[in-house]
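File shown here: upload_24.txt, holding compact mmCIF, C-alpha atoms and all ligand atoms.
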```txt
# COMPACT_ATOMS: atom_id res chain seq x y z
CA MET A 1 115.73 72.66 116.10
CA LEU A 2 113.60 70.48 113.84
CA ALA A 3 116.74 68.84 112.43
CA ALA A 4 117.86 68.04 115.98
CA LEU A 5 114.47 66.55 116.80
CA ARG A 6 114.70 64.44 113.68
CA CYS A 7 118.17 63.16 114.64
CA LEU A 8 116.78 62.25 118.03
CA GLU A 9 113.88 60.51 116.29
CA ALA A 10 111.46 62.51 118.40
CA PRO A 11 107.78 61.62 118.05
CA ALA A 12 105.94 63.63 115.38
CA LEU A 13 103.67 65.26 117.96
CA LEU A 14 106.67 66.59 119.88
CA ALA A 15 108.22 67.97 116.68
CA LEU A 16 104.93 69.57 115.71
CA SER A 17 104.52 71.19 119.12
CA ALA A 18 108.09 72.47 119.01
CA GLY A 19 107.46 74.05 115.60
CA VAL A 20 104.24 75.68 116.76
CA LEU A 21 106.02 77.01 119.87
CA ALA A 22 108.90 78.38 117.79
CA GLY A 23 106.46 80.60 115.91
CA ALA A 24 103.96 81.33 118.64
CA LEU A 25 106.36 82.24 121.44
CA PRO A 26 108.04 85.21 119.75
CA ALA A 27 104.65 86.29 118.40
CA LEU A 28 103.33 86.43 121.95
CA ILE A 29 106.25 87.73 123.93
CA LEU A 30 108.26 90.01 121.61
CA PRO A 31 108.31 93.45 123.25
CA TRP A 32 108.42 95.33 119.90
CA PRO A 33 105.23 97.12 118.85
CA LEU A 34 103.95 94.51 116.37
CA SER A 35 100.43 94.75 115.02
CA GLY A 36 97.92 92.04 115.86
CA TRP A 37 98.04 90.78 112.27
CA ARG A 38 101.85 90.42 112.35
CA ARG A 39 101.60 88.34 115.48
CA VAL A 40 98.91 86.16 113.86
CA PHE A 41 101.09 85.63 110.76
CA MET A 42 104.10 84.71 112.88
CA ALA A 43 102.16 82.31 115.05
CA ALA A 44 100.10 80.72 112.27
CA GLY A 45 102.86 80.26 109.67
CA PHE A 46 104.17 76.90 110.79
CA PRO A 47 100.86 75.18 111.67
CA LEU A 48 99.40 76.40 108.37
CA SER A 49 102.25 75.03 106.28
CA VAL A 50 102.09 71.71 108.14
CA ALA A 51 98.34 71.57 107.58
CA LEU A 52 98.81 72.30 103.88
CA SER A 53 101.58 69.76 103.48
CA GLY A 54 99.36 67.13 105.08
CA SER A 55 96.41 67.73 102.77
CA VAL A 56 96.95 69.26 99.36
CA ALA A 57 100.71 69.53 99.32
CA GLY A 58 101.20 65.93 98.30
CA GLU A 59 99.89 66.87 94.87
CA LEU A 60 101.87 70.11 94.61
CA PRO A 61 105.27 70.28 92.92
CA ALA A 62 108.09 71.32 95.26
CA TRP A 63 108.66 74.63 93.42
CA SER A 64 105.12 75.74 94.19
CA TRP A 65 106.29 76.56 97.72
CA LEU A 66 108.32 79.37 96.16
CA LEU A 67 105.19 81.02 94.76
CA PRO A 68 104.21 82.90 97.94
CA LEU A 69 107.79 84.10 98.23
CA ALA A 70 107.76 85.30 94.61
CA LEU A 71 104.45 87.08 95.21
CA LEU A 72 105.85 88.77 98.29
CA ALA A 73 108.93 89.88 96.35
CA LEU A 74 106.67 91.34 93.65
CA LEU A 75 104.56 93.16 96.18
CA TYR A 76 107.52 94.30 98.26
CA PRO A 77 110.65 94.58 96.15
CA LEU A 78 113.71 94.47 98.41
CA LYS A 79 114.53 98.11 97.71
CA ALA A 80 111.17 99.29 99.03
CA TRP A 81 111.51 97.01 102.04
CA ARG A 82 114.89 98.53 102.87
CA ASP A 83 113.57 102.11 102.74
CA ALA A 84 110.28 101.42 104.45
CA PRO A 85 107.94 98.46 104.56
CA PHE A 86 104.25 99.02 104.01
CA PHE A 87 102.48 100.78 106.85
CA PRO A 88 99.54 102.96 105.88
CA THR A 89 98.77 106.45 107.14
CA PRO A 90 95.82 106.00 109.51
CA ARG A 91 92.44 107.43 108.58
CA GLY A 92 91.99 111.00 109.85
CA ALA A 93 95.69 111.28 110.69
CA LEU A 94 96.21 114.53 108.78
CA ARG A 95 92.98 116.26 109.81
CA GLY A 96 93.92 119.84 110.71
CA LEU A 97 97.30 119.78 108.96
CA SER A 98 96.32 122.56 106.56
CA ARG A 99 95.95 125.00 109.48
CA LEU A 100 99.64 124.52 110.26
CA ALA A 101 100.89 124.17 106.70
CA PRO A 102 98.48 126.08 104.45
CA LEU A 103 98.84 125.64 100.71
CA ALA A 104 97.46 127.76 97.89
CA ALA A 105 94.82 126.33 95.57
CA GLY A 106 96.50 124.31 92.84
CA ALA A 107 99.64 123.69 94.92
CA ARG A 108 101.47 120.51 94.02
CA VAL A 109 101.81 117.87 96.72
CA LEU A 110 103.87 114.69 96.50
CA GLU A 111 103.50 111.60 98.61
CA ALA A 112 106.90 109.94 98.38
CA GLY A 113 106.35 106.18 98.76
CA CYS A 114 102.56 106.18 98.56
CA GLY A 115 101.84 102.47 99.10
CA LEU A 116 98.13 101.86 98.63
CA GLY A 117 97.33 105.58 98.81
CA HIS A 118 96.14 105.95 102.38
CA GLY A 119 98.27 109.07 102.72
CA LEU A 120 97.06 110.43 99.37
CA ARG A 121 93.46 110.09 100.49
CA GLU A 122 94.19 111.94 103.71
CA LEU A 123 96.07 114.64 101.82
CA HIS A 124 93.18 115.01 99.40
CA ALA A 125 90.73 115.41 102.28
CA GLU A 126 92.95 118.06 103.81
CA TYR A 127 94.01 119.86 100.63
CA PRO A 128 91.09 119.24 98.24
CA ARG A 129 92.25 121.89 95.79
CA SER A 130 95.84 120.72 95.53
CA ARG A 131 97.31 118.63 92.71
CA LEU A 132 98.41 115.33 94.16
CA ASP A 133 101.16 113.01 92.94
CA GLY A 134 102.25 109.70 94.41
CA ILE A 135 105.40 107.69 93.73
CA GLU A 136 105.64 104.04 94.66
CA TRP A 137 108.37 101.51 93.92
CA SER A 138 106.22 98.38 94.01
CA TRP A 139 104.34 97.77 90.74
CA PRO A 140 101.29 96.04 92.27
CA LEU A 141 100.97 98.69 94.98
CA ARG A 142 101.32 101.44 92.40
CA LEU A 143 98.51 99.96 90.27
CA ALA A 144 96.25 99.38 93.26
CA CYS A 145 97.00 102.88 94.55
CA GLN A 146 96.07 104.54 91.25
CA TRP A 147 92.85 102.52 91.21
CA ARG A 148 92.00 103.62 94.75
CA CYS A 149 93.06 107.25 94.34
CA ARG A 150 91.55 108.81 91.25
CA CYS A 151 92.29 112.19 92.84
CA ALA A 152 96.04 111.69 92.32
CA ARG A 153 98.53 110.85 89.61
CA VAL A 154 100.45 107.79 90.76
CA THR A 155 103.67 106.70 89.10
CA ARG A 156 106.00 103.83 89.68
CA GLY A 157 109.47 105.05 90.58
CA ASP A 158 112.16 105.64 93.13
CA ILE A 159 111.48 108.52 95.48
CA TRP A 160 115.21 109.27 95.70
CA ARG A 161 115.54 109.67 91.93
CA ALA A 162 112.37 111.69 91.45
CA ASP A 163 112.55 115.46 91.16
CA TRP A 164 110.90 117.14 94.15
CA SER A 165 111.49 120.70 93.00
CA ALA A 166 107.98 121.32 91.62
CA TYR A 167 106.23 120.48 94.88
CA GLN A 168 104.98 122.81 97.58
CA MET A 169 104.73 119.88 99.96
CA VAL A 170 106.42 116.48 100.09
CA TYR A 171 104.82 114.05 102.52
CA VAL A 172 106.80 111.03 103.70
CA PHE A 173 106.09 108.13 105.99
CA GLN A 174 109.30 106.18 105.71
CA ARG A 175 111.78 105.13 108.39
CA PRO A 176 113.94 106.95 110.93
CA GLU A 177 117.00 105.90 108.90
CA SER A 178 115.58 107.49 105.72
CA MET A 179 115.08 110.92 107.25
CA ARG A 180 118.61 112.21 106.77
CA ARG A 181 118.40 111.33 103.08
CA ALA A 182 114.98 112.96 102.81
CA VAL A 183 116.29 116.13 104.47
CA ASP A 184 119.30 116.31 102.16
CA LYS A 185 117.13 115.86 99.10
CA ALA A 186 114.48 118.30 100.26
CA SER A 187 117.16 120.89 101.17
CA ARG A 188 118.61 120.66 97.68
CA GLU A 189 115.39 120.51 95.68
CA LEU A 190 112.48 122.20 97.44
CA LYS A 191 111.81 125.86 96.79
CA PRO A 192 111.56 128.44 99.60
CA GLY A 193 108.19 128.15 101.31
CA ALA A 194 107.69 124.47 100.45
CA TRP A 195 107.05 121.94 103.21
CA LEU A 196 108.57 118.61 104.12
CA ALA A 197 106.02 116.70 106.20
CA SER A 198 106.99 113.48 107.94
CA LEU A 199 104.59 111.21 109.75
CA GLU A 200 106.07 109.81 112.91
CA PHE A 201 109.76 110.19 112.10
CA GLU A 202 111.59 113.34 113.02
CA ALA A 203 114.42 114.96 111.09
CA THR A 204 116.63 115.26 114.13
CA GLU A 205 119.07 117.63 112.47
CA LEU A 206 116.37 120.21 111.70
CA GLN A 207 114.30 122.53 113.80
CA SER A 208 110.68 121.81 113.03
CA ASP A 209 108.41 124.69 112.07
CA ALA A 210 105.26 123.07 113.37
CA LEU A 211 104.06 119.83 114.85
CA HIS A 212 100.73 118.21 114.11
CA ARG A 213 99.34 115.54 116.41
CA CYS A 214 97.37 112.72 114.80
CA PRO A 215 94.32 111.46 116.69
CA ASP A 216 96.36 108.42 117.78
CA GLY A 217 99.01 110.73 119.24
CA ARG A 218 101.61 110.26 116.52
CA PRO A 219 103.42 113.40 115.38
CA VAL A 220 103.60 114.82 111.86
CA TRP A 221 106.78 116.87 111.75
CA LEU A 222 106.62 119.93 109.52
CA TYR A 223 109.69 121.63 108.11
CA ARG A 224 109.48 124.67 105.91
CA HIS A 225 112.15 125.45 103.36
CA PRO A 226 114.68 127.03 103.90
CA PHE A 227 115.25 124.65 106.79
CA THR A 228 116.92 125.62 110.04
CA ARG A 229 119.65 123.19 111.01
CA LEU A 230 120.16 122.49 114.68
CA GLN A 231 123.68 123.11 115.98
CA SER A 232 123.98 119.79 117.77
CA LYS A 233 121.81 116.76 118.35
CA SER A 234 121.60 117.53 122.06
CA GLN A 235 119.86 120.83 121.39
CA PRO A 236 116.21 120.58 122.45
CA GLN A 237 113.64 120.53 119.67
CA ARG A 238 111.37 123.54 119.49
CA CYS A 239 108.87 124.60 116.88
CA ARG A 240 109.76 127.82 115.14
CA GLY A 241 106.30 128.90 114.03
CA ASP A 242 103.82 130.83 116.17
CA LEU A 243 101.07 128.35 115.44
CA PRO A 244 100.34 125.88 118.24
CA PRO A 245 100.17 122.13 117.56
CA THR A 246 96.70 120.98 116.56
CA GLN A 247 94.72 119.17 119.19
CA PRO A 248 93.58 115.57 118.71
CA THR A 249 90.23 115.69 117.00
CA ARG A 250 88.92 112.42 118.38
C1 LIG B 1 105.44 103.11 105.41
S1 LIG B 1 104.78 102.84 103.78
C2 LIG B 1 103.78 104.27 103.66
C3 LIG B 1 102.67 104.13 102.64
C4 LIG B 1 101.92 105.43 102.42
N1 LIG B 1 102.84 106.53 102.28
C5 LIG B 1 100.97 105.73 103.53
O1 LIG B 1 101.35 106.54 104.39
O2 LIG B 1 99.89 105.16 103.59
C6 LIG B 1 106.19 103.20 102.76
C7 LIG B 1 105.97 102.95 101.29
O3 LIG B 1 107.08 103.48 100.61
C8 LIG B 1 107.43 102.60 99.55
N2 LIG B 1 108.83 102.82 99.25
C9 LIG B 1 109.89 102.53 100.06
N3 LIG B 1 111.04 102.90 99.46
C10 LIG B 1 110.72 103.45 98.26
C11 LIG B 1 111.47 104.02 97.20
N4 LIG B 1 112.81 104.10 97.28
N5 LIG B 1 110.82 104.49 96.13
C12 LIG B 1 109.46 104.41 96.06
N6 LIG B 1 108.70 103.89 97.03
C13 LIG B 1 109.30 103.40 98.13
C14 LIG B 1 107.12 101.21 100.09
O4 LIG B 1 106.90 100.28 99.05
C15 LIG B 1 105.85 101.48 100.91
O5 LIG B 1 104.71 101.30 100.13
```
If you convert what's in this file into structure tokens, what do you get?
Ligand SMILES: C[S@@+](CC[C@H](N)C(=O)[O-])C[C@H]1O[C@@H](n2cnc3c(N)ncnc32)[C@H](O)[C@@H]1O
Amino acid sequence: MLAALRCLEAPALLALSAGVLAGALPALILPWPLSGWRRVFMAAGFPLSVALSGSVAGELPAWSWLLPLALLALLYPLKAWRDAPFFPTPRGALRGLSRLAPLAAGARVLEAGCGLGHGLRELHAEYPRSRLDGIEWSWPLRLACQWRCRCARVTRGDIWRADWSAYQMVYVFQRPESMRRAVDKASRELKPGAWLASLEFEATELQSDALHRCPDGRPVWLYRHPFTRLQSKSQPQRCRGDLPPTQPTR
């Protein structure tokens, strides 16, 4: 669009307005559930870069524009982005989980893809006597997570290559597309009685054993090994356990 405006020798103000609109319109009207910050980033990107290029950018070498991109790639390596971008577990989301999925003192719990450790903190609050591990692919997030979560042992690694067999619970907050892989891995590696807990995303091929509702209404699906596979996708989902879903606490 900007190239076309240039060919037409459009006035700078028109080109600037078109650029601002190109970012702001989708930020305002996209029907997807984007957070407020995402919309701000989308809308502000172009005006900000124009403002920078008009002031300090004259003194900056051209390659310096690649720095933010490089930083983003460091923070979010492509692999992690493909499995699940960074969205934290909300505060208080797991309150009451231990009533549905009780764990013995000293049980080992893994947060697979722990980001900045929001999930680890919630797990620690809910299972204070468990031994917590977190695995995170991004180096900077892993370091920041370990700094924030002294209650856990955080390593940098790939959740799909890690061994899950020692854990009594594996907590994931990934993507709908990752759930089949998580189910296959958990089926192979978890021991009988261990839990696979998934915030928001359901393992559609399994019958859940319990369902926890976060205060914001999001589900945490709980599956206890050995898992029960549903016959077909059309079969309605029911919880196997006798325990009722927890009520929102706020
Ligand atoms: C949706 S975020 C959840 C963060 C954290 N679990 C929480 O609930 O607060 C997913 C995280 O998984 C990480 N991740 C995605 N794929 C991964 C992989 N294959 N190995 C390790 N970490 C991964 C991402 O970098 C991101 O930090």
*Nearest to Arg153 in chain A: which of A:Leu110, A:Leu230, A:Ala62, A:Ala10 is it, counting all atoms listed in the file?*
A:Leu110
*Grab the CA of Ala101 in chain A to CA of Asp216 in chain A distance for me, in Å with one decimal place.*
19.8 Å
_Non-local contacts of range 20-25 of chain A (12 Å; all atoms listed in the file; under 2 positions in same chain excluded) as a VMD selection string_ = chain A and resid 1 to 2 13 to 18 27 to 31 38 to 51
*Could you pull the residues within 12 Å of Arg150 in chain A, counting only C-alpha atoms, minus those fewer than 5 positions along the same chain, as a VMD selection string?*
chain A and resid 117 120 to 121 124 131 to 134 143 to 145
_For CA of Leu75 in chain A and CA of Gly157 in chain A, the interatomic separation in Å (one decimal)_ =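 These atoms are spaced 14.0 Å apart.
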*Have a look at A:Trp139, A:Trp63, A:Tyr167, A:Trp147 and name the one nearest to Ala112 in chain A; count all atoms listed in the file.*
A:Tyr167
*Rounded to one decimal place, report the CA of Phe227 in chain A-CA of Trp164 in chain A distance in Å.*
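Between CA of Phe227 in chain A and CA of Trp164 in chain A the gap works out to 15.3 Å.
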*Give me the residues within 6 Å of Glu111 in chain A as a list of chain:residue names, counting only C-alpha atoms and dropping any in the same chain fewer than 3 places off.*
A:Cys114, A:Gly134, A:Val170, A:Tyr171
*Go through A:Arg91, A:His118, A:Arg6, A:Arg108 one by one, measure the shortest atom-to-atom distance of each to ligand LIG 1 (chain B) using only C-alpha atoms and all ligand atoms, and give the residue with the smallest value.*
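Comparing A:Arg91, A:His118, A:Arg6, A:Arg108 against ligand LIG 1 (chain B), the winner is A:His118.
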_Top pick for closest residue to Pro77 in chain A, considering A:Leu141, A:Ala203, A:Ala104, A:Met169 and counting all atoms listed in the file_ = A:Leu141
*Between A:Leu66, A:Leu222, A:Leu100, A:Ala197, single out the one closest to ligand LIG 1 (chain B), counting only C-alpha atoms and all ligand atoms.*
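Of A:Leu66, A:Leu222, A:Leu100, A:Ala197, the one nearest ligand LIG 1 (chain B) is A:Ala197, counting only C-alpha atoms and all ligand atoms.
If only C-alpha atoms are the atoms counted, then among A:Val154, A:Val183, A:Ala107, A:Leu97 the closest residue to Cys214 in chain A is A:Leu97.
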